[in-house]
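Down below is the structure, laid out as structure tokens.
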Number of protein chains: 2
Amino acid sequence: MAIRPAARTDVNRSAILAHLGASGPASRADLARVLGVSPALMTQLTKDLIADGLLVELEHSPSQGGRPARMLGLVATAGRAIGVKVAADHVAFVEVGIAGAVLRSASEPFDAAASTMLTDLSLLLRRFISGGGKAPLLGVGVGVPGSVDQQGSGLVDSAQLGWSQVPIGATLRRELDLPVIVENNVNALAMAERLYGLGRQYDNFMVLTIGTGVGACFVVDGAMLRGHSGGSGEIGHIPVEIDGPLCTCGNHGCLEAIIGEAALVRTARDRGVIGEESGMAALRRAADAGDEAATAIFGEAGHLLGRTLAGIVHVVDPEIVIVLGEGTASWAHWSYGFEPALRSALMPSRRGLAVAVETWQDESWAQGAASLVLATPFDSEDVAGDQGRLVRERLVEQASPQGDNG
Amino acid sequence: MAIRPAARTDVNRSAILAHLGASGPASRADLARVLGVSPALMTQLTKDLIADGLLVELEHSPSQGGRPARMLGLVATAGRAIGVKVAADHVAFVEVGIAGAVLRSASEPFDAAASTMLTDLSLLLRRFISGGGKAPLLGVGVGVPGSVDQQGSGLVDSAQLGWSQVPIGATLRRELDLPVIVENNVNALAMAERLYGLGRQYDNFMVLTIGTGVGACFVVDGAMLRGHSGGSGEIGHIPVEIDGPLCTCGNHGCLEAIIGEAALVRTARDRGVIGEESGMAALRRAADAGDEAATAIFGEAGHLLGRTLAGIVHVVDPEIVIVLGEGTASWAHWSYGFEPALRSALMPSRRGLAVAVETWQDESWAQGAASLVLATPFDSEDVAGDQGRLVRERLVEQASPQGDNG
DNA sequence: TAGGGTTTATTTAGTCCTGAACAAAGGACG
DNA sequence: CGTCCTTTGTTCAGGACTAAATAAACCCTA
């Protein structure tokens, strides 16, 4: 049974890099406060990172009334990572620096249903990598819309992609000779959020994504909630309507089958709001232009989402809900139905629940995947199996020649 | 933000006592395997427990082909604990031994709405304690149907009891001069389940209770999921019916307002299945006797529960759902609607989800509360605040005189 | 009877973290 | 100028745990 010290994701070292990358140089004391660890530990961690050539001591900062802080900054050349988003009809790539910032991105057509999909993917990926920077490449993170048996191995099941037990991790590792980390795309996003976004400030938060699908990932006491079989957060398949529309999962009336992008577009077509050839872009334009039938579609979706989310909040009790995904482009319209439905369905004591909608960029999914690579080397439990060790090795091996000013 | 090593509930030492209590004497190697820790740690932990006089080495057990195991057994006189269940119209008490077994129990009428409720409770409690055994009393665990701000302090909000910010913990501590641990009743039950029940075998499970209310508690990676404000597991207030019946929480259409005991009885009366004066017992008798209208009521409730639970399972992904509560007495009737609704609403890959219905006893709630006391002294993070330390002190203080055969 | 295999238990070294004490480096104020 | 205060950073002891090596105790077989 293992009453073990609860999955500790020891994201600490990585969080240091992430924080410095996102917020610029900071002192050890600041880092300790922000990351919620003891100053003693921060001394230790930064010592390691400096020795590994990932961090440098900068100038003193002006004193705040006490001893002035010695600022720490990233060594930008210490490493980089590739992030990949796999969708049914395309793949997106990003290259990020050690601080998590996007250096380069690309998107390519891709047919997930093709029999040659794995070689296709590895070819596209190799091509993208070949144009990369000169800092050591630490590894590749892959985000997929589906469940991954174990982060390390990378066996993927995905209804959206039509994949069953696809060994994407093993294949890419063999083809590219690089560490490869495969993870559910929403989980990857939550990791990025934890490292670079609003999640830095919260120990208990929920990432909610709306777009093609509807997904979620929960961070509980600072650690990602993966569930027994890595399948937590599948809120798109909460049953919400009896005898509702058919979902990709095979059931009827799943949330995603009603408010996923495909469902909204279908509804809009059925109601004649957009043409049979038009898609989400047209629906959004109509709503933006004030078309009441169009805004009603988003409002209804928002209502259903809000009501369902209230139930989820009662189950997990997060401090904040962070909304992400392509769908947030229309959030103003969703919000119209979402806010009242959520608040009124929450228990009175929870009505103050914080909901944040973050700006969404095309490469966000891929960036989330890349953050897996940057987070992994410092994962004390080997959630990522061997891959964590491999990334770690690449990091110190290639960085130490410069550093080591003993 | 604290990316801390995730709330570790270090239930280990307590789990040793619990396992020995529930399953009889065992070897260190067995314990290490069952509890999922290293043999090295088990050596260390048992050494402490033996030094504290809580464990003794027994005879060797016959060899299994290798070195024979030295069995360890509990020292039954090392301590006892009191568990209290608080309901709107009564309180239930149990006294348990250090192994968690019930030694004694009682139930008393109690009016939670009375202005004198706190002194009433402390009087009843004192009376129960006075009849107790001679082993040192380690503390009192109190389970309440509501949310507790922090386990340690014991400020209770409960719609069911009509309590708002009632300082039950502080009051009882002062009146009884004993460690007092207050916790949500379902969480307490989950702790008992983790220590003594099916939960021993699972790191990710859900406890589902049906009865007066509908509640849940999740154990994730071996640790109890408490949520940001200690309010996770409130599945009774998931909105399931638009403009449904009024719930005690003030909203309409909550799950609990439809399938809670009061709701079922009301439905039965409205449909003329039972008389206006009759209650749940009559409804159950009718169903047991084969009354189709009665079984239909349970079947409908089961259906709604199953469908809602499917959504919850998609969110949290437990390995097993353990059903408890007074309502399980009618489970055969619930099951009729529950099973098909649950299975059909689950994603195909989750259809195999295990659901276990455990036998329910009147004192189970109180026993759960008592297990909090037994689990607390070994909680390394002080989830229970001072109370953990206090219980720990009482334990070693009173036990060491006998032990210490250095 | 010696040796090999098995299982149990302990020791040792090491990781990751904390809390407490302390040192270091400034400002403010007499 | 010296003293007090504040903040930063480090060191040290220690807790909780693990992995690996080792010892201890038994079985079986040659």
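Just remember, in the structure tokens the first chain shown is A, the second B, etc., residues are 1-based per chain, and ligands are 1-based in the order shown.
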Counting only C-alpha atoms (C1' of nucleotides), which residues of chain A sit at most 9 Å from some atom of chain D, and what is each one's closest atom pair with its distance in Å to one decimal, listed by chain and rising residue number, as CSV?
```
residue,atom,partner,partner_atom,distance
A:Pro5,CA,D:DC17,C1',8.4
A:Ser27,CA,D:DT8,C1',8.7
A:Arg28,CA,D:DG9,C1',7.9
A:Ala29,CA,D:DT8,C1',6.7
A:Pro39,CA,D:DG9,C1',7.9
A:Ala40,CA,D:DT10,C1',7.5
A:Thr43,CA,D:DG9,C1',7.4
A:Ser63,CA,D:DT7,C1',8.3
A:Gln64,CA,D:DT7,C1',7.3
A:Gly65,CA,D:DT6,C1',5.8
A:Gly66,CA,D:DT7,C1',4.0
A:Arg67,CA,D:DT7,C1',5.2
A:Pro68,CA,D:DT8,C1',6.6
A:Ala69,CA,D:DT8,C1',6.1
A:Arg70,CA,D:DT8,C1',8.3
```
Using only C-alpha atoms (C1' of nucleotides), which protein or nucleic acid residues come within 7 Å of range 352-365 of chain A? Drop anything in the same chain fewer than 6 positions from it, and give the result as a ChimeraX atom specification. /A:85,94,185,189,319-326
For chain A, which residues have at least one atom within 6 Å of chain B, if we go by only C-alpha atoms? Write them as an NGL selection string, please.
-> :A and (1-3 or 5-6 or 8 or 35-36 or 200-204 or 221-222 or 227-228 or 231-235 or 238 or 311 or 314-319)
Go ahead and save the residues from that selection, with N, CA and C atoms, as a compact mmCIF listing (two decimals), in the first residue's frame.
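Result went into selection_10.txt, see below:
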```txt
# COMPACT_ATOMS: atom_id res chain seq x y z
N MET A 1 0.81 -1.20 0.00
CA MET A 1 0.00 0.00 0.00
C MET A 1 0.85 1.25 0.00
N ALA A 2 1.89 1.22 0.75
CA ALA A 2 2.80 2.37 0.70
C ALA A 2 2.16 3.64 1.21
N ILE A 3 2.33 3.88 2.45
CA ILE A 3 1.88 5.15 3.03
C ILE A 3 3.02 6.12 2.80
N PRO A 5 5.80 8.92 1.68
CA PRO A 5 5.80 10.37 1.84
C PRO A 5 5.15 11.10 0.68
N ALA A 6 4.08 10.57 0.16
CA ALA A 6 3.31 11.22 -0.88
C ALA A 6 4.18 11.74 -2.02
N ARG A 8 6.45 13.13 -4.11
CA ARG A 8 7.04 14.46 -4.07
C ARG A 8 7.70 14.79 -5.38
N LEU A 35 9.50 30.32 -3.27
CA LEU A 35 9.31 28.89 -3.51
C LEU A 35 8.89 28.15 -2.24
N GLY A 36 8.84 28.87 -1.16
CA GLY A 36 8.33 28.25 0.07
C GLY A 36 9.25 27.21 0.69
N ARG A 200 2.59 29.58 -9.67
CA ARG A 200 3.69 29.78 -8.74
C ARG A 200 3.20 30.24 -7.38
N GLN A 201 2.09 30.94 -7.39
CA GLN A 201 1.61 31.52 -6.14
C GLN A 201 0.64 30.64 -5.38
N TYR A 202 0.28 29.51 -5.97
CA TYR A 202 -0.75 28.68 -5.33
C TYR A 202 -0.29 27.23 -5.20
N ASP A 203 -0.60 26.67 -4.07
CA ASP A 203 -0.27 25.27 -3.85
C ASP A 203 -1.39 24.35 -4.29
N ASN A 204 -2.59 24.90 -4.36
CA ASN A 204 -3.76 24.10 -4.76
C ASN A 204 -4.50 24.85 -5.86
N ASP A 221 -1.46 20.46 -3.00
CA ASP A 221 -0.33 20.57 -2.09
C ASP A 221 0.98 20.63 -2.88
N GLY A 222 0.93 21.29 -3.99
CA GLY A 222 2.14 21.52 -4.76
C GLY A 222 2.51 20.41 -5.73
N GLY A 227 -3.58 10.64 -10.30
CA GLY A 227 -4.57 9.59 -10.13
C GLY A 227 -3.93 8.22 -10.22
N HIS A 228 -4.77 7.23 -10.06
CA HIS A 228 -4.25 5.85 -10.01
C HIS A 228 -3.58 5.45 -11.30
N GLY A 231 -4.96 9.03 -15.10
CA GLY A 231 -6.10 9.48 -15.87
C GLY A 231 -6.97 10.51 -15.18
N SER A 232 -6.42 11.21 -14.20
CA SER A 232 -7.24 12.22 -13.54
C SER A 232 -7.41 13.43 -14.45
N GLY A 233 -8.40 14.25 -14.16
CA GLY A 233 -8.59 15.47 -14.91
C GLY A 233 -9.38 15.33 -16.20
N GLU A 234 -9.94 14.17 -16.44
CA GLU A 234 -10.71 13.97 -17.67
C GLU A 234 -12.11 14.55 -17.52
N ILE A 235 -12.17 15.83 -17.27
CA ILE A 235 -13.48 16.41 -17.00
C ILE A 235 -14.32 16.54 -18.26
N ILE A 238 -17.14 13.97 -18.14
CA ILE A 238 -18.18 13.96 -17.12
C ILE A 238 -19.53 13.91 -17.83
N GLY A 311 -19.44 21.70 -9.43
CA GLY A 311 -19.38 20.35 -8.86
C GLY A 311 -17.94 19.91 -8.65
N HIS A 314 -16.39 21.52 -5.70
CA HIS A 314 -16.85 20.90 -4.46
C HIS A 314 -16.10 19.61 -4.18
N VAL A 315 -15.64 18.98 -5.22
CA VAL A 315 -14.94 17.71 -5.06
C VAL A 315 -13.48 17.92 -4.65
N VAL A 316 -12.81 18.84 -5.33
CA VAL A 316 -11.37 18.96 -5.15
C VAL A 316 -10.95 20.17 -4.31
N ASP A 317 -11.76 21.21 -4.28
CA ASP A 317 -11.47 22.40 -3.48
C ASP A 317 -10.16 23.09 -3.82
N PRO A 318 -10.01 23.58 -5.04
CA PRO A 318 -8.82 24.35 -5.39
C PRO A 318 -8.95 25.79 -4.89
N GLU A 319 -7.83 26.48 -4.84
CA GLU A 319 -7.88 27.88 -4.40
C GLU A 319 -8.21 28.78 -5.59
```
Please tabulate, as a Markdown table, the residues of chain C that come within 8 Å of chain A, each with its closest pair of atoms and the distance in Å to one decimal, counting only C-alpha atoms (C1' of nucleotides) and ordering rows by chain, then residue number upward.
```
| residue | atom | partner | partner_atom | distance |
| --- | --- | --- | --- | --- |
| C:DC17 | C1' | A:Leu41 | CA | 7.1 |
| C:DT18 | C1' | A:Ser38 | CA | 7.0 |
| C:DA24 | C1' | A:Arg67 | CA | 7.4 |
| C:DA25 | C1' | A:Arg67 | CA | 4.3 |
| C:DG26 | C1' | A:Arg67 | CA | 4.6 |
| C:DG27 | C1' | A:Gly65 | CA | 5.2 |
```
Could the residues in this selection be saved with C-alpha atoms (C1' of nucleotides) as a PDB file, in the first residue's frame?
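Here's the written file again-v4.pdb:
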```pdb
ATOM      1  C1'  DC C  17      14.675  18.862   3.766  1.00  0.00           C
ATOM      2  C1'  DT C  18      14.007  21.800   8.289  1.00  0.00           C
ATOM      3  C1'  DA C  24      27.902  39.223   7.391  1.00  0.00           C
ATOM      4  C1'  DA C  25      26.573  43.494   5.674  1.00  0.00           C
ATOM      5  C1'  DG C  26      24.208  47.255   5.376  1.00  0.00           C
ATOM      6  C1'  DG C  27      21.099  51.566   7.460  1.00  0.00           C
TER       7       DG C  27
END
```
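The interatomic distance for the pair CA of His60 in chain B and CA of Gly24 in chain B works out to 14.4 Å.
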